[in-house]
Structure formats: structure tokens, C-alpha cells
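Student: I am sharing target-v4.txt, which consists of compact mmCIF, C-alpha atoms:
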```
# COMPACT_ATOMS: atom_id res chain seq x y z
CA MET A 1 25.79 25.67 14.63
CA SER A 2 22.27 26.03 13.24
CA ASP A 3 20.08 22.98 12.74
CA PRO A 4 22.43 20.20 11.56
CA LYS A 5 19.67 18.48 9.58
CA ALA A 6 18.95 21.67 7.63
CA LEU A 7 22.66 22.10 6.94
CA ILE A 8 22.96 18.53 5.66
CA ALA A 9 19.85 18.80 3.49
CA ALA A 10 20.97 22.11 1.97
CA ARG A 11 24.37 20.66 1.01
CA ALA A 12 22.91 17.34 -0.21
CA ALA A 13 20.55 19.28 -2.50
CA ARG A 14 23.66 20.32 -4.50
CA GLU A 15 24.36 16.63 -5.23
CA VAL A 16 21.16 16.51 -7.31
CA TYR A 17 21.26 17.95 -10.83
CA PRO A 18 18.53 19.42 -13.07
CA GLY A 19 16.59 16.84 -15.05
CA GLU A 20 17.55 13.90 -12.84
CA VAL A 21 15.26 11.15 -11.57
CA VAL A 22 15.67 11.13 -7.80
CA ASN A 23 14.46 8.83 -5.02
CA LEU A 24 14.42 10.46 -1.59
CA GLY A 25 14.39 8.45 1.63
CA ILE A 26 12.61 9.31 4.85
CA GLY A 27 13.99 12.02 7.18
CA ILE A 28 16.69 14.47 6.07
CA PRO A 29 16.40 13.53 2.34
CA ASN A 30 12.79 14.65 2.41
CA LEU A 31 13.90 18.19 3.26
CA ILE A 32 15.90 18.46 0.01
CA PRO A 33 13.11 19.79 -2.27
CA GLY A 34 12.98 22.89 -0.05
CA TYR A 35 16.63 23.63 -0.92
CA LEU A 36 16.51 23.16 -4.69
CA GLY A 37 16.78 26.30 -6.77
CA ALA A 38 13.57 27.45 -8.46
CA ASP A 39 15.02 26.53 -11.86
CA THR A 40 16.17 23.06 -10.76
CA GLU A 41 13.54 20.73 -12.14
CA ILE A 42 13.95 17.15 -10.94
CA PHE A 43 11.63 14.15 -11.18
CA LEU A 44 10.89 12.43 -7.90
CA HIS A 45 10.40 8.67 -7.98
CA THR A 46 8.75 6.79 -5.14
CA GLU A 47 9.16 3.03 -5.10
CA ASN A 48 5.51 2.31 -4.32
CA GLY A 49 4.74 3.23 -7.91
CA LEU A 50 4.87 6.91 -8.92
CA LEU A 51 7.23 9.05 -10.99
CA GLY A 52 6.46 12.75 -10.63
CA VAL A 53 5.76 13.14 -6.92
CA GLY A 54 4.49 16.63 -6.11
CA PRO A 55 4.19 18.58 -2.85
CA ARG A 56 2.11 17.44 0.09
CA PRO A 57 -1.59 18.12 -0.42
CA GLN A 58 -3.46 20.87 1.38
CA GLU A 59 -5.75 19.83 4.20
CA GLY A 60 -9.03 18.73 2.61
CA GLU A 61 -7.32 17.77 -0.68
CA ILE A 62 -5.87 14.48 0.57
CA GLU A 63 -6.34 11.59 -1.84
CA PRO A 64 -6.25 8.31 0.15
CA ASP A 65 -4.93 6.28 -2.81
CA LEU A 66 -2.00 8.64 -3.43
CA VAL A 67 0.91 8.15 -1.04
CA ASP A 68 4.70 7.97 -0.98
CA ALA A 69 6.85 5.11 0.28
CA ALA A 70 6.37 6.30 3.87
CA LYS A 71 2.58 6.05 3.26
CA ARG A 72 2.16 9.81 3.65
CA PRO A 73 -0.23 11.68 1.34
CA VAL A 74 1.40 13.32 -1.68
CA THR A 75 0.26 14.85 -4.96
CA ALA A 76 1.18 13.93 -8.53
CA LEU A 77 2.56 16.61 -10.86
CA PRO A 78 1.50 17.05 -14.51
CA GLY A 79 3.46 14.45 -16.48
CA ALA A 80 3.41 11.97 -13.60
CA SER A 81 2.92 8.24 -14.18
CA TYR A 82 1.88 5.28 -12.06
CA PHE A 83 3.23 1.73 -12.30
CA ASP A 84 3.22 -1.55 -10.41
CA SER A 85 5.88 -2.51 -7.86
CA ALA A 86 7.81 -4.86 -10.17
CA SER A 87 8.14 -2.09 -12.78
CA SER A 88 9.13 0.38 -10.08
CA PHE A 89 11.99 -1.80 -8.86
CA ALA A 90 12.99 -2.67 -12.41
CA MET A 91 13.51 1.08 -12.87
CA ILE A 92 15.70 1.11 -9.76
CA ARG A 93 17.77 -2.04 -10.43
CA GLY A 94 17.94 -1.32 -14.13
CA GLY A 95 19.85 1.91 -13.58
CA HIS A 96 17.04 4.27 -14.61
CA VAL A 97 17.00 6.17 -11.32
CA ASP A 98 19.88 8.65 -11.31
CA VAL A 99 20.31 9.18 -7.61
CA ALA A 100 19.03 7.84 -4.29
CA VAL A 101 19.44 10.05 -1.23
CA LEU A 102 18.96 8.22 2.03
CA GLY A 103 19.89 8.04 5.68
CA ALA A 104 22.20 5.48 7.28
CA LEU A 105 23.07 4.01 10.65
CA GLN A 106 26.67 3.32 9.59
CA VAL A 107 28.83 3.70 6.49
CA ASN A 108 32.34 2.27 6.31
CA GLU A 109 35.42 3.57 4.56
CA ARG A 110 34.80 1.45 1.43
CA GLY A 111 31.19 2.58 1.04
CA ASP A 112 29.47 -0.39 2.67
CA ILE A 113 26.20 0.79 4.18
CA ALA A 114 24.03 -0.39 7.08
CA ASN A 115 20.65 1.30 7.23
CA TRP A 116 17.94 -1.31 7.77
CA ALA A 117 18.45 -3.17 11.01
CA ILE A 118 19.83 -2.98 14.52
CA PRO A 119 20.97 -6.41 15.74
CA GLY A 120 18.62 -7.90 18.29
CA LYS A 121 16.19 -5.03 17.89
CA ASP A 122 14.73 -4.82 14.44
CA VAL A 123 15.61 -7.17 11.62
CA MET A 124 12.01 -7.48 10.44
CA GLY A 125 11.69 -4.66 7.95
CA VAL A 126 13.89 -4.02 4.92
CA GLY A 127 11.43 -2.49 2.46
CA GLY A 128 13.17 -1.13 -0.63
CA ALA A 129 16.42 -0.12 1.11
CA MET A 130 18.59 -2.87 -0.41
CA ASP A 131 17.17 -2.46 -3.90
CA LEU A 132 17.74 1.32 -3.85
CA VAL A 133 21.35 1.33 -2.71
CA VAL A 134 22.29 -1.43 -5.15
CA GLY A 135 20.32 -0.09 -8.09
CA ALA A 136 20.51 3.71 -8.10
CA ASN A 137 23.32 5.13 -10.25
CA ARG A 138 24.55 7.37 -7.41
CA VAL A 139 23.94 6.85 -3.71
CA VAL A 140 24.13 9.92 -1.48
CA VAL A 141 23.96 9.31 2.26
CA THR A 142 22.75 12.09 4.55
CA MET A 143 23.47 11.50 8.22
CA THR A 144 24.70 13.24 11.33
CA SER A 145 28.34 12.43 12.12
CA THR A 146 27.48 10.61 15.34
CA THR A 147 24.63 8.84 17.08
CA PRO A 148 22.81 10.75 19.86
CA SER A 149 25.18 9.04 22.32
CA GLY A 150 28.24 10.23 20.38
CA GLU A 151 29.28 7.08 18.50
CA PRO A 152 30.75 7.82 15.04
CA LYS A 153 28.62 6.62 12.15
CA LEU A 154 31.42 6.77 9.57
CA VAL A 155 33.34 3.70 10.71
CA ARG A 156 36.13 1.32 9.73
CA GLU A 157 33.79 -1.67 9.67
CA CYS A 158 30.01 -1.69 9.97
CA THR A 159 28.84 -3.60 13.05
CA PHE A 160 25.16 -3.42 12.09
CA PRO A 161 23.71 -5.75 9.42
CA LEU A 162 24.74 -4.56 5.96
CA THR A 163 22.30 -3.19 3.42
CA ALA A 164 24.87 -3.47 0.62
CA ARG A 165 28.60 -3.58 0.03
CA GLU A 166 30.54 -0.79 -1.70
CA ALA A 167 27.37 1.04 -2.67
CA VAL A 168 27.80 4.59 -1.33
CA ASP A 169 29.23 7.40 -3.47
CA VAL A 170 28.82 10.51 -1.29
CA ILE A 171 28.31 11.09 2.45
CA VAL A 172 27.07 14.46 3.69
CA THR A 173 27.21 15.16 7.42
CA GLU A 174 26.86 18.42 9.36
CA HIS A 175 30.66 18.64 9.40
CA ALA A 176 31.82 17.53 5.98
CA VAL A 177 31.31 15.99 2.55
CA PHE A 178 33.09 12.67 1.90
CA ARG A 179 33.37 10.84 -1.40
CA VAL A 180 34.15 7.17 -2.01
CA ARG A 181 36.44 6.65 -4.99
CA ASP A 182 37.89 3.29 -6.00
CA GLY A 183 37.16 1.80 -2.60
CA SER A 184 38.74 4.61 -0.58
CA LEU A 185 37.26 7.50 1.36
CA PHE A 186 38.11 11.15 0.71
CA LEU A 187 37.20 14.24 2.73
CA THR A 188 36.38 16.76 0.00
CA GLU A 189 34.62 19.64 1.78
CA LEU A 190 34.24 21.09 5.25
CA LEU A 191 30.80 22.36 6.26
CA GLY A 192 29.36 24.74 8.83
CA GLY A 193 32.77 26.14 9.78
CA ALA A 194 34.11 22.73 10.87
CA THR A 195 37.87 22.11 10.98
CA VAL A 196 39.69 18.94 9.94
CA GLU A 197 40.41 18.32 13.64
CA GLU A 198 36.71 18.48 14.45
CA VAL A 199 35.89 16.08 11.61
CA ASP A 200 38.56 13.72 12.85
CA ARG A 201 37.03 13.62 16.33
CA VAL A 202 33.65 12.40 15.04
CA THR A 203 34.96 10.04 12.34
CA GLU A 204 36.31 6.53 12.95
CA ALA A 205 36.87 5.67 9.28
CA ARG A 206 40.26 6.36 7.69
CA TYR A 207 40.19 8.95 4.93
CA ALA A 208 42.45 11.03 2.74
CA ILE A 209 41.99 14.80 2.54
CA GLU A 210 41.39 16.25 -0.92
CA LEU A 211 39.55 19.48 -0.32
CA GLU A 212 37.84 20.83 -3.42
CA GLY A 213 37.63 24.47 -4.45
CA MET B 1 -10.06 -17.70 -16.34
CA THR B 2 -12.79 -15.19 -16.90
CA VAL B 3 -15.28 -13.87 -14.42
CA ARG B 4 -18.97 -14.69 -14.74
CA GLY B 5 -20.62 -11.96 -12.71
CA VAL B 6 -20.11 -10.69 -9.21
CA ILE B 7 -20.22 -13.03 -6.22
CA SER B 8 -20.35 -12.30 -2.50
CA ALA B 9 -17.20 -12.00 -0.42
CA GLU B 10 -18.38 -14.98 1.69
CA GLU B 11 -18.64 -17.18 -1.40
CA ALA B 12 -15.28 -16.02 -2.66
CA ILE B 13 -13.31 -16.67 0.52
CA ALA B 14 -14.61 -20.26 0.65
CA HIS B 15 -11.78 -20.98 -1.81
CA VAL B 16 -9.26 -20.50 0.99
CA ARG B 17 -8.44 -23.76 2.80
CA SER B 18 -6.38 -24.39 5.90
CA GLY B 19 -2.68 -24.51 5.09
CA ASP B 20 -3.06 -22.46 1.90
CA THR B 21 -0.69 -19.78 0.70
CA VAL B 22 -2.65 -16.57 0.18
CA MET B 23 -1.34 -13.46 -1.60
CA VAL B 24 -2.85 -10.18 -0.50
CA GLY B 25 -2.30 -6.98 -2.49
CA GLY B 26 -1.66 -3.53 -1.10
CA PHE B 27 1.14 -1.33 0.19
CA GLY B 28 0.15 -1.24 3.83
CA LEU B 29 -3.59 -0.58 3.66
CA ILE B 30 -3.27 1.39 0.38
CA GLY B 31 -4.83 -0.78 -2.33
CA ALA B 32 -5.49 -3.64 0.10
CA PRO B 33 -8.61 -5.79 -0.55
CA LEU B 34 -10.19 -4.96 2.80
CA THR B 35 -13.64 -6.47 2.09
CA LEU B 36 -12.08 -9.84 1.26
CA ILE B 37 -9.78 -9.70 4.30
CA ASP B 38 -12.75 -8.89 6.56
CA ALA B 39 -14.74 -11.78 5.08
CA LEU B 40 -11.83 -14.15 5.70
CA VAL B 41 -11.67 -12.89 9.30
CA GLU B 42 -15.40 -13.20 9.94
CA HIS B 43 -16.63 -16.06 7.75
CA SER B 44 -13.80 -18.59 7.36
CA ASP B 45 -12.17 -21.16 9.63
CA ALA B 46 -9.14 -21.60 7.38
CA THR B 47 -6.03 -21.50 9.52
CA GLY B 48 -2.31 -22.25 9.35
CA LEU B 49 -2.11 -19.82 6.42
CA THR B 50 1.00 -18.55 4.69
CA ILE B 51 0.41 -14.89 3.83
CA VAL B 52 2.35 -13.25 1.00
CA SER B 53 1.90 -9.50 1.38
CA ASN B 54 4.24 -6.53 1.58
CA ASN B 55 3.10 -5.91 5.17
CA ILE B 56 0.99 -7.86 7.67
CA GLY B 57 -1.51 -4.99 7.90
CA GLU B 58 -1.49 -2.69 10.88
CA PRO B 59 -2.52 -3.44 14.49
CA GLY B 60 -6.14 -4.60 14.29
CA ARG B 61 -6.51 -3.37 10.69
CA GLY B 62 -6.44 -5.32 7.44
CA LEU B 63 -4.32 -8.45 7.82
CA GLY B 64 -3.63 -7.35 11.40
CA LYS B 65 -7.09 -8.76 12.24
CA LEU B 66 -6.20 -12.19 10.86
CA LEU B 67 -2.93 -12.07 12.79
CA ARG B 68 -4.81 -11.42 16.06
CA GLN B 69 -6.84 -14.57 15.39
CA GLY B 70 -3.61 -16.59 15.28
CA ARG B 71 -4.37 -17.91 11.79
CA ILE B 72 -1.13 -16.86 10.08
CA ARG B 73 1.51 -19.58 10.32
CA ARG B 74 4.03 -17.81 8.14
CA GLY B 75 4.42 -14.37 6.60
CA ILE B 76 6.44 -13.54 3.48
CA SER B 77 6.90 -9.75 3.41
CA SER B 78 9.37 -6.93 2.92
CA PHE B 79 8.29 -4.94 5.97
CA PHE B 80 6.80 -6.63 9.04
CA THR B 81 7.75 -3.61 11.15
CA SER B 82 4.68 -1.58 10.14
CA ASN B 83 2.67 -3.90 12.41
CA PRO B 84 4.44 -4.22 15.79
CA GLU B 85 2.08 -7.09 16.63
CA ALA B 86 3.50 -9.03 13.66
CA VAL B 87 7.04 -8.48 14.95
CA ALA B 88 5.90 -9.64 18.41
CA ALA B 89 4.29 -12.75 16.89
CA VAL B 90 7.57 -13.62 15.16
CA ASN B 91 9.62 -13.01 18.32
CA SER B 92 7.29 -15.24 20.38
CA GLY B 93 7.42 -18.01 17.78
CA GLU B 94 3.71 -17.78 16.87
CA MET B 95 4.49 -16.85 13.28
CA GLU B 96 7.41 -17.67 10.99
CA ALA B 97 8.74 -14.80 8.94
CA THR B 98 10.50 -14.69 5.61
CA LEU B 99 11.87 -11.21 4.98
CA VAL B 100 12.49 -10.32 1.34
CA PRO B 101 13.75 -7.03 -0.15
CA GLN B 102 10.78 -5.26 -1.68
CA GLY B 103 12.04 -5.31 -5.26
CA THR B 104 12.94 -8.99 -5.01
CA PHE B 105 9.52 -9.69 -3.48
CA ALA B 106 7.77 -7.96 -6.41
CA GLU B 107 9.97 -9.63 -9.03
CA ALA B 108 9.53 -13.08 -7.45
CA ILE B 109 5.76 -12.73 -7.72
CA ARG B 110 6.08 -11.45 -11.29
CA ALA B 111 8.27 -14.46 -12.08
CA GLY B 112 5.77 -16.78 -10.40
CA GLY B 113 3.00 -15.50 -12.63
CA ALA B 114 5.13 -15.49 -15.77
CA GLY B 115 6.41 -19.07 -15.64
CA ILE B 116 9.99 -18.11 -14.78
CA GLY B 117 11.88 -20.63 -12.65
CA GLY B 118 14.04 -18.10 -10.79
CA PHE B 119 16.32 -15.13 -11.34
CA TYR B 120 19.66 -13.69 -10.22
CA THR B 121 19.62 -10.24 -8.62
CA PRO B 122 22.50 -8.22 -7.15
CA VAL B 123 20.20 -7.07 -4.35
CA ALA B 124 21.01 -8.52 -0.89
CA ALA B 125 24.28 -10.12 -2.08
CA GLY B 126 26.68 -10.23 0.85
CA THR B 127 23.95 -9.50 3.42
CA LEU B 128 21.95 -11.46 6.01
CA LEU B 129 19.08 -11.83 3.54
CA ALA B 130 21.23 -13.81 1.11
CA GLU B 131 22.19 -16.46 3.65
CA GLY B 132 21.60 -19.97 2.34
CA LYS B 133 20.99 -18.76 -1.21
CA GLU B 134 23.13 -19.58 -4.22
CA GLU B 135 25.46 -16.73 -5.12
CA ARG B 136 26.99 -16.23 -8.55
CA VAL B 137 29.22 -13.52 -9.96
CA ILE B 138 27.79 -12.09 -13.18
CA ASP B 139 29.86 -9.47 -15.06
CA GLY B 140 31.99 -9.08 -11.96
CA VAL B 141 29.02 -8.38 -9.65
CA PRO B 142 27.82 -10.85 -6.99
CA HIS B 143 24.21 -11.93 -7.58
CA VAL B 144 21.77 -14.02 -5.52
CA LEU B 145 19.47 -16.70 -6.95
CA GLU B 146 15.85 -15.99 -6.00
CA SER B 147 12.92 -18.38 -6.47
CA PRO B 148 9.53 -17.42 -7.86
CA ILE B 149 6.60 -17.00 -5.47
CA ARG B 150 3.17 -18.46 -6.24
CA ALA B 151 0.04 -18.91 -4.13
CA ASP B 152 -3.10 -21.00 -3.89
CA VAL B 153 -5.31 -17.92 -3.73
CA ALA B 154 -4.71 -14.21 -4.42
CA PHE B 155 -6.84 -11.34 -3.11
CA VAL B 156 -6.35 -8.16 -5.13
CA PHE B 157 -8.02 -4.76 -5.14
CA ALA B 158 -8.82 -2.64 -8.18
CA ALA B 159 -10.68 0.67 -8.18
CA ARG B 160 -12.71 -0.44 -11.18
CA ALA B 161 -13.54 -3.76 -12.84
CA ASP B 162 -15.82 -4.73 -15.69
CA THR B 163 -17.97 -7.84 -15.39
CA LEU B 164 -15.46 -9.92 -17.39
CA GLY B 165 -12.85 -9.21 -14.72
CA ASN B 166 -10.72 -6.64 -16.54
CA LEU B 167 -9.11 -4.44 -13.88
CA TRP B 168 -8.22 -0.74 -13.69
CA TYR B 169 -6.20 0.65 -10.79
CA ARG B 170 -6.09 4.10 -9.30
CA HIS B 171 -2.97 6.09 -8.32
CA THR B 172 -0.53 4.30 -6.03
CA ALA B 173 -3.18 1.74 -5.01
CA ARG B 174 -1.88 -0.36 -7.93
CA ASN B 175 1.39 -1.52 -6.24
CA PHE B 176 1.50 -5.35 -5.93
CA ASN B 177 -2.06 -6.02 -7.11
CA PRO B 178 -1.44 -6.58 -10.85
CA LEU B 179 1.50 -8.89 -10.03
CA MET B 180 -0.44 -11.00 -7.55
CA ALA B 181 -3.33 -11.28 -10.02
CA THR B 182 -0.99 -13.36 -12.21
CA ALA B 183 0.55 -15.63 -9.61
CA ALA B 184 -2.15 -17.70 -7.88
CA ARG B 185 -4.27 -20.74 -8.76
CA VAL B 186 -7.45 -18.85 -7.78
CA VAL B 187 -7.53 -15.06 -8.20
CA ILE B 188 -10.26 -13.06 -6.47
CA ALA B 189 -10.54 -9.38 -7.35
CA GLU B 190 -12.31 -6.89 -5.12
CA ALA B 191 -13.50 -3.86 -7.07
CA GLY B 192 -14.39 -0.41 -5.81
CA GLU B 193 -16.78 -0.07 -8.73
CA VAL B 194 -18.09 -2.66 -11.21
CA VAL B 195 -18.87 -1.37 -14.71
CA HIS B 196 -20.33 -2.92 -17.87
CA ILE B 197 -18.17 -4.63 -20.48
CA GLY B 198 -16.87 -1.97 -22.86
CA GLU B 199 -16.84 0.84 -20.31
CA LEU B 200 -13.12 0.46 -19.59
CA GLU B 201 -10.87 1.82 -22.33
CA PRO B 202 -8.95 -1.24 -23.61
CA GLU B 203 -5.69 0.72 -23.41
CA SER B 204 -6.32 1.53 -19.75
CA ILE B 205 -6.81 -2.09 -18.64
CA VAL B 206 -3.80 -3.14 -16.57
CA THR B 207 -4.97 -6.66 -15.66
CA PRO B 208 -6.72 -8.43 -18.56
CA HIS B 209 -9.60 -10.65 -17.45
CA LEU B 210 -7.87 -13.97 -18.22
CA TYR B 211 -6.04 -13.66 -14.89
CA VAL B 212 -9.16 -13.17 -12.76
CA ASP B 213 -11.44 -15.97 -11.52
CA TYR B 214 -13.91 -14.24 -9.21
CA LEU B 215 -15.12 -10.70 -8.75
CA VAL B 216 -16.42 -9.19 -5.49
CA ALA B 217 -17.73 -5.66 -4.94
CA ARG B 218 -16.17 -3.63 -2.12
CA SER B 219 -18.69 -3.16 0.69
```
Please express what this file holds, its structure, as C-alpha cells.
Tutor:
Amino acid sequence: MSDPKALIAARAAREVYPGEVVNLGIGIPNLIPGYLGADTEIFLHTENGLLGVGPRPQEGEIEPDLVDAAKRPVTALPGASYFDSASSFAMIRGGHVDVAVLGALQVNERGDIANWAIPGKDVMGVGGAMDLVVGANRVVVTMTSTTPSGEPKLVRECTFPLTAREAVDVIVTEHAVFRVRDGSLFLTELLGGATVEEVDRVTEARYAIELEG
Amino acid sequence: MTVRGVISAEEAIAHVRSGDTVMVGGFGLIGAPLTLIDALVEHSDATGLTIVSNNIGEPGRGLGKLLRQGRIRRGISSFFTSNPEAVAAVNSGEMEATLVPQGTFAEAIRAGGAGIGGFYTPVAAGTLLAEGKEERVIDGVPHVLESPIRADVAFVFAARADTLGNLWYRHTARNFNPLMATAARVVIAEAGEVVHIGELEPESIVTPHLYVDYLVARS
């Protein structure tokens, strides 16, 4: 298979619709703008206080006071606005952000998500992760099917500290698209030439198969 | 209050006493009041401080300098991880840590400055960060009761201030600064540029001067 991250980002880009307000997490989600059609205008929100995030600046055009939530330099598009952190999270919790796309360490079969801490290693940084998964109208998780050591990330029960319960709507891996509906998990699409048997090998969670199209 | 002219950073930081709770604006170092932090590091003996800031600076930068001096007793933040030395200080027991989701952190400061006694949020319900907090189901959704956050002193940064203490922020350097300017007994604003009264468009003023007690120019 080609680069699994590119495959995931390209498919996740189709979960974002024209005109939507979108918050993209660090990693694979950040690749999504490269896969949006030229006529797909979306509005990127970053929780540190900007709606209308533009591309990364050219060398020599970096503005130190203009960064995204990963503290990397960005630009602001025409029509952009700035706001304080309380307003920014009011937008998120208040249901004004259409979709959050983010990575995860584990997702379970009911849509519980763990993406902020590894027990005994790092429980000291949560940032906006909890606010985003609770507040965004749709939560799309982009993640590889397994950890580098081969452990499934789509599990029956999360063993890492939870970010939120029953928060995830869509999971895109390099093998498949899953959707959570009414507390149950459905395999709805196979990706990159994967078979159901292959998906089964890298998935611990129980799911029903309802392939679309 | 209202500012009466610009004072030095050394004069301003004399308002910080040992054991105080100090709010410090900024998202990492973006929009952080670095002149005030440096003055606190170099010209104050105040220790045993509780720091309310989204991060505890970076190693040896911003609040990271104060951390190296062992003067932070407790940190209230959403992301300690951006300074590995802060995580190490918590693990060794040198510093207590209270981790708060970033949106709850911002709203708690807003509430503190707005005279609100607490609020219920769905964020963190059913997670480690809700342990010990009152939970309540509202419209079928579990919520967590969060308390307001206030401080003895707040350090904020604004790109521009007039000599009354009206503040104007630039780009994403706004972040927590306008919130913290409302939520402390003594508010000290550090300004990148100080202009005459009337030079800021009234509609562009984000923090009206009644919140600001002292004004310091960035050095």
C-alpha cells in the first residue's frame, strides 16, 4: 500500500463539506487541506483564537503573533477573525464548529475516545482535546488501525484514560471507514484494497458490516 | 481601576507577594508578558506562588525561568507537557499540578472575572479530570460543576495600550489575556506600544481601562 497517512487523509477529506467550520488536529488531520477539491471552501477554526486559518507562510513572511494550536506559524485569510480563548471554546461547546478531525490512541465500539494520555507516562497535558470531542457537531477520528507494535486501536474497551464517552461519529483508518450509530459500530467502506478479513485482523472492536455504495 | 501613566516592571512586580496566585497570559510564549515575567525572575523574592497559565513556559523561557528558581508551588494549566521541566517538577513533588481542559480553564477565568459562582460543562464528564467534582445530568447529558478561577495579580500582554490602560491585542496573541485582565485583584498590563488617549479606535478596544491597574512598557 502507498503511504497509509496519505490514504487516511484523502478519505477523511471527504467527510468535510463545503461551507463548514472545521477544526483540524495535529498530524494526519493537518494533511486534509491538501486533499480538498479546489471548489471546496471550508473555514478552518483554531482553538487558540482564529477563524479563517490560511496556508503556512513563506519563509521571511512569518508573523510571530500568528500561530495555530500547535504553535506553528500560519496565515489568516481575508474574512478571518480573532477572538479570546473563552469565546473560542464557547464556539466549540456551543455547537458552532461543524466538525473536528483528530487523531486517537484508542476508540471503542461505542465511540468512546482516548487521545490525551498514556497511563504512567503523560497525564499532564490535555489542551483542548476534551472540549473539541464533546463540543464539535461531528467528530471524525483519523488513525492507523494499529500501534507501531501491532496492537489494535479500535478496541472493545479503552484502556487509556478517556477523553470523552460516546463522542466519535466516524473513524477512518488505512483499511476502512467505520461509523458509530446509536452506540454501535458499523464498517461502511473498505479502503486501499483491504478485505473484510484484513480489517478483522487489525480490529478488536465488534462491528456490523453495512458497506455503502 | 484606571492606569495613571506607565511604571517600571520592577515597580509593578512588587505587587506580587509570597504565596500569591498569579495569572499569566499567553498561549505558550505567544502573547506572554515576557518583560513582567523576567522582572519577577530577576527582581522579586516572592515564592510559593500558584501560577495560573495555559502552560508553564518552555525550558528556561518565560515561566520556565521561574520554575527553575523553584518558586512555583502549584500550577493550574491545560498543558504542562510543553515544558518537560514542569512535568519533571510535578513528578518529583516539587510542584503541584491542577490540569484543566483548555476551554474549562478559559471559562473558569471568565467566570472569575464576571462574578459567576461556577458553571456546569459537559467537558471532562466521565473522565479522570472530573474526579471529585459534582456531576449532574442536564437535558440527558452528564455535566461537571466547575469553580471560577481568580488571582491576586494578573500579568497580561497587549500589543498596544493607551495611557488610560485601554488594551488592543494583535492576531492570536490575544488568547487568555483579555480574560485574565478581568479576574485578578491587581492587573498589570505589559504593552508592546503605548499610545496617547484617543489614538485607539473605541470599537477596537478589547479590554476597557477599568480592568487595568498598572501599565508597563515591553523592554
Student: Give me, as a PyMOL selection string, the contact residues of chain A against chain B at a cut-off of 9 Å, counting all atoms listed in the file.
Tutor: chain A and resi 47-50+64-69+71+76+81-90+92-93+122-135+161-165
Student: Within 9 Å of Ser147 (chain B), counting only C-alpha atoms, which residues show up once you throw out same-chain ones fewer than 3 positions away? Write them as a PyMOL selection string, please.
Tutor: chain B and resi 108+111-112+116-119
Student: Mind checking which residues fall within 10 Å of region 53-57 of chain A, counting all atoms listed in the file, ignoring those fewer than 5 positions away in the same chain, and posting them as a PyMOL selection string?
Tutor: chain A and resi 23+33+42-46+62-63+66-68+72-81
Student: Just the number, please: distance in Å from CA of Arg11 (chain A) to CA of Val172 (chain A), one decimal.
Tutor: 7.3 Å
Student: Mind pulling up the distance from CA of Ala39 (chain B) to CA of Val194 (chain B)?
Tutor: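 Going from CA of Val194 (chain B) over to CA of Ala39 (chain B), I get 19.0 Å.
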Student: Compare B:Ala12, B:Val3, B:Leu67, B:Ile56 by their minimum atom-to-atom distance to Phe155 (chain B), counting all atoms listed in the file, and give me the closest one.
Tutor: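 Checking each of B:Ala12, B:Val3, B:Leu67, B:Ile56 against Phe155 (chain B), counting all atoms listed in the file, the winner is B:Ala12.
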Student: For Glu189 (chain A), find every residue with an atom within 12 Å (counting all atoms listed in the file), except residues of its own chain fewer than 5 positions away, and show them as a PyMOL selection string.
Tutor: chain A and resi 11+170-179+194-196+199+208-213
